[in-house]
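Asker: Handing you this structure, nothing more for now.
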Amino acid sequence: MASVELNGAAIVDEAAFHRESRRAFGFPEDYAGSIDAWVDCMSYLRDEENMTCFRLKPNEVLEIVIRDAEQMKAAVPDLLEEISFCVGGINERYEDYGEKPALKLVLR
């Protein structure tokens, strides 16, 4: 299983989340730094679009580990909830296309 780690202690607002995501996922230079852009990039993990530094195999899952998630939850509880919601929606999108879910969110 592929894995990536986000530093939850560094995520104190939405801008910090997008900086941390750009670093961890290798988003392209023109990444817009919005939740919609995050969802778009994460929706192409099995395609040749190069939206992230990851290229998953058909049944492979990317485990997103948020380290120090309690600190992030204290600082930006709504953002953590939104990310969890987005991960579920992205997985549904993969299923709609007949693929296995691609993401697993782990809070540590």
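Residues in the structure tokens are named by chain (A, B, ... in the order shown) and by number from 1 within that chain; ligands are numbered from 1 in the order shown.
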Which residues are close to Lys73 in chain A, i.e. within 10 Å by only C-alpha atoms, leaving aside same-chain residues fewer than 4 positions away? Reply as a list of chain:residue names.

Answerer: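 The filter keeps A:Gly8, A:Ala9, A:Ile11, A:Val12, A:Asp68, A:Ala69, A:Pro77, A:Asp78, A:Leu79, A:Leu80, A:Glu81, A:Leu107.
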
Asker: For the residues in that selection, give me C-alpha atoms as a PDB file, in the first residue's frame.

Answerer:
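What landed in again37.pdb:
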ATOM      1  CA  GLY A   8      -1.158  17.814  11.281  1.00  0.00           C
ATOM      2  CA  ALA A   9       0.688  20.063  13.749  1.00  0.00           C
ATOM      3  CA  ILE A  11      -1.868  22.561   9.524  1.00  0.00           C
ATOM      4  CA  VAL A  12      -3.299  25.564  11.367  1.00  0.00           C
ATOM      5  CA  ASP A  68      -0.633  14.895  15.127  1.00  0.00           C
ATOM      6  CA  ALA A  69      -4.236  14.883  13.958  1.00  0.00           C
ATOM      7  CA  PRO A  77     -11.894  21.066  13.119  1.00  0.00           C
ATOM      8  CA  ASP A  78     -14.084  21.975  10.134  1.00  0.00           C
ATOM      9  CA  LEU A  79     -11.205  21.451   7.707  1.00  0.00           C
ATOM     10  CA  LEU A  80     -10.446  17.983   9.063  1.00  0.00           C
ATOM     11  CA  GLU A  81     -14.127  17.090   8.710  1.00  0.00           C
ATOM     12  CA  LEU A 107      -5.548   9.953  11.886  1.00  0.00           C
TER      13      LEU A 107
END

Asker: So that I can see what lies close to Pro101 in chain A, please list as a compact mmCIF listing (two decimals) with all heavy atoms, in the first residue's frame the residues with an atom at most 10 Å from it, counting only C-alpha atoms and leaving out residues fewer than 4 positions away in the same chain.

Answerer:
# COMPACT_ATOMS: atom_id res chain seq x y z
N PRO A 58 -4.36 -0.67 -10.26
CA PRO A 58 -5.82 -0.75 -10.22
C PRO A 58 -6.44 -1.03 -8.85
O PRO A 58 -7.47 -0.47 -8.52
CB PRO A 58 -6.13 -1.88 -11.21
CG PRO A 58 -5.01 -1.80 -12.20
CD PRO A 58 -3.80 -1.41 -11.39
N ASN A 59 -5.84 -1.88 -8.04
CA ASN A 59 -6.42 -2.20 -6.73
C ASN A 59 -5.66 -1.58 -5.57
O ASN A 59 -5.96 -1.87 -4.42
CB ASN A 59 -6.49 -3.72 -6.55
CG ASN A 59 -7.47 -4.35 -7.50
OD1 ASN A 59 -8.54 -3.81 -7.76
ND2 ASN A 59 -7.11 -5.48 -8.05
N GLU A 60 -4.70 -0.73 -5.87
CA GLU A 60 -3.87 -0.15 -4.82
C GLU A 60 -4.58 1.03 -4.15
O GLU A 60 -5.37 1.73 -4.77
CB GLU A 60 -2.54 0.33 -5.43
CG GLU A 60 -1.52 0.72 -4.41
CD GLU A 60 -0.18 1.08 -5.05
OE1 GLU A 60 -0.12 1.25 -6.29
OE2 GLU A 60 0.79 1.18 -4.31
N VAL A 61 -4.28 1.21 -2.88
CA VAL A 61 -4.86 2.28 -2.08
C VAL A 61 -3.74 3.17 -1.57
O VAL A 61 -2.68 2.70 -1.19
CB VAL A 61 -5.64 1.68 -0.89
CG1 VAL A 61 -6.11 2.76 0.07
CG2 VAL A 61 -6.82 0.86 -1.39
N LEU A 62 -3.99 4.46 -1.58
CA LEU A 62 -3.06 5.43 -1.00
C LEU A 62 -3.54 5.74 0.40
O LEU A 62 -4.63 6.27 0.60
CB LEU A 62 -3.00 6.71 -1.84
CG LEU A 62 -2.14 7.84 -1.27
CD1 LEU A 62 -0.68 7.40 -1.13
CD2 LEU A 62 -2.24 9.07 -2.15
N VAL A 87 -12.50 12.72 1.00
CA VAL A 87 -11.93 11.38 0.77
C VAL A 87 -13.06 10.39 0.45
O VAL A 87 -12.95 9.60 -0.49
CB VAL A 87 -11.09 10.91 1.98
CG1 VAL A 87 -10.80 9.41 1.92
CG2 VAL A 87 -9.79 11.70 2.05
N GLY A 88 -14.16 10.45 1.21
CA GLY A 88 -15.30 9.59 0.93
C GLY A 88 -15.88 9.85 -0.45
O GLY A 88 -16.20 8.92 -1.20
N GLY A 89 -16.00 11.11 -0.81
CA GLY A 89 -16.54 11.46 -2.13
C GLY A 89 -15.64 11.03 -3.26
O GLY A 89 -16.12 10.57 -4.31
N ILE A 90 -14.34 11.17 -3.07
CA ILE A 90 -13.39 10.73 -4.10
C ILE A 90 -13.48 9.22 -4.27
O ILE A 90 -13.49 8.72 -5.41
CB ILE A 90 -11.95 11.16 -3.72
CG1 ILE A 90 -11.82 12.68 -3.81
CG2 ILE A 90 -10.93 10.47 -4.62
CD1 ILE A 90 -10.59 13.24 -3.11
N ASN A 91 -13.56 8.49 -3.18
CA ASN A 91 -13.69 7.04 -3.27
C ASN A 91 -14.98 6.64 -3.99
O ASN A 91 -15.00 5.69 -4.78
CB ASN A 91 -13.60 6.39 -1.89
CG ASN A 91 -12.18 6.28 -1.40
OD1 ASN A 91 -11.23 6.24 -2.19
ND2 ASN A 91 -12.02 6.23 -0.08
N GLU A 92 -16.06 7.37 -3.74
CA GLU A 92 -17.32 7.11 -4.45
C GLU A 92 -17.14 7.36 -5.94
O GLU A 92 -17.68 6.61 -6.77
CB GLU A 92 -18.44 7.98 -3.90
CG GLU A 92 -18.96 7.53 -2.57
CD GLU A 92 -20.07 8.42 -2.05
OE1 GLU A 92 -20.69 9.17 -2.84
OE2 GLU A 92 -20.32 8.37 -0.83
N ARG A 93 -16.41 8.39 -6.28
CA ARG A 93 -16.15 8.70 -7.70
C ARG A 93 -15.42 7.53 -8.36
O ARG A 93 -15.75 7.14 -9.48
CB ARG A 93 -15.34 9.98 -7.80
CG ARG A 93 -15.08 10.43 -9.22
CD ARG A 93 -14.25 11.68 -9.27
NE ARG A 93 -15.02 12.85 -8.86
CZ ARG A 93 -14.54 14.07 -8.81
NH1 ARG A 93 -13.29 14.31 -9.13
NH2 ARG A 93 -15.30 15.08 -8.44
N TYR A 94 -14.41 7.01 -7.68
CA TYR A 94 -13.69 5.84 -8.23
C TYR A 94 -14.65 4.66 -8.41
O TYR A 94 -14.62 3.99 -9.45
CB TYR A 94 -12.53 5.43 -7.31
CG TYR A 94 -11.28 6.26 -7.51
CD1 TYR A 94 -10.93 7.24 -6.59
CD2 TYR A 94 -10.46 6.07 -8.61
CE1 TYR A 94 -9.78 8.00 -6.77
CE2 TYR A 94 -9.31 6.83 -8.79
CZ TYR A 94 -8.98 7.80 -7.87
OH TYR A 94 -7.85 8.54 -8.05
N GLU A 95 -15.49 4.42 -7.43
CA GLU A 95 -16.45 3.32 -7.53
C GLU A 95 -17.44 3.53 -8.67
O GLU A 95 -17.81 2.58 -9.36
CB GLU A 95 -17.19 3.14 -6.21
CG GLU A 95 -16.30 2.57 -5.12
CD GLU A 95 -16.98 2.48 -3.76
OE1 GLU A 95 -17.91 3.27 -3.47
OE2 GLU A 95 -16.55 1.61 -2.97
N ASP A 96 -17.85 4.78 -8.88
CA ASP A 96 -18.76 5.08 -9.99
C ASP A 96 -18.16 4.71 -11.34
O ASP A 96 -18.89 4.41 -12.29
CB ASP A 96 -19.13 6.57 -10.00
CG ASP A 96 -20.08 6.95 -8.88
OD1 ASP A 96 -20.66 6.04 -8.24
OD2 ASP A 96 -20.24 8.17 -8.62

Asker: Give me the residues within 9 Å of Met42 in chain A as a list in words, counting only C-alpha atoms and dropping any in the same chain fewer than 5 places off.

Answerer: Phe25, Ala37, Met51, Thr52, Val87, Ile90, Ala102 and Leu103 of chain A

Asker: Figure out the distance between CA of Lys57 in chain A and CA of Asp36 in chain A, please, to one decimal in Å.

Answerer: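 One can read the CA of Asp36 in chain A to CA of Lys57 in chain A distance as 23.9 Å.
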
Asker: Just the alpha helix (DSSP H) stuff from chain A, please, per backbone DSSP, written as a ChimeraX atom specification.

Answerer: /A:14-25,35-42,69-75,77-96

Asker: Within chain A, find each residue whose DSSP state, derived from the backbone, is strand (DSSP E or B), and express the selection as a VMD selection string.

Answerer: chain A and resid 2 to 7 62 to 67 103 to 107

Asker: Enter the distance from CA of Leu6 in chain A to CA of Gly98 in chain A, in Å, rounded to one decimal.

Answerer: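 Taking CA of Leu6 in chain A as the start and CA of Gly98 in chain A as the end point, the length is 28.6 Å.
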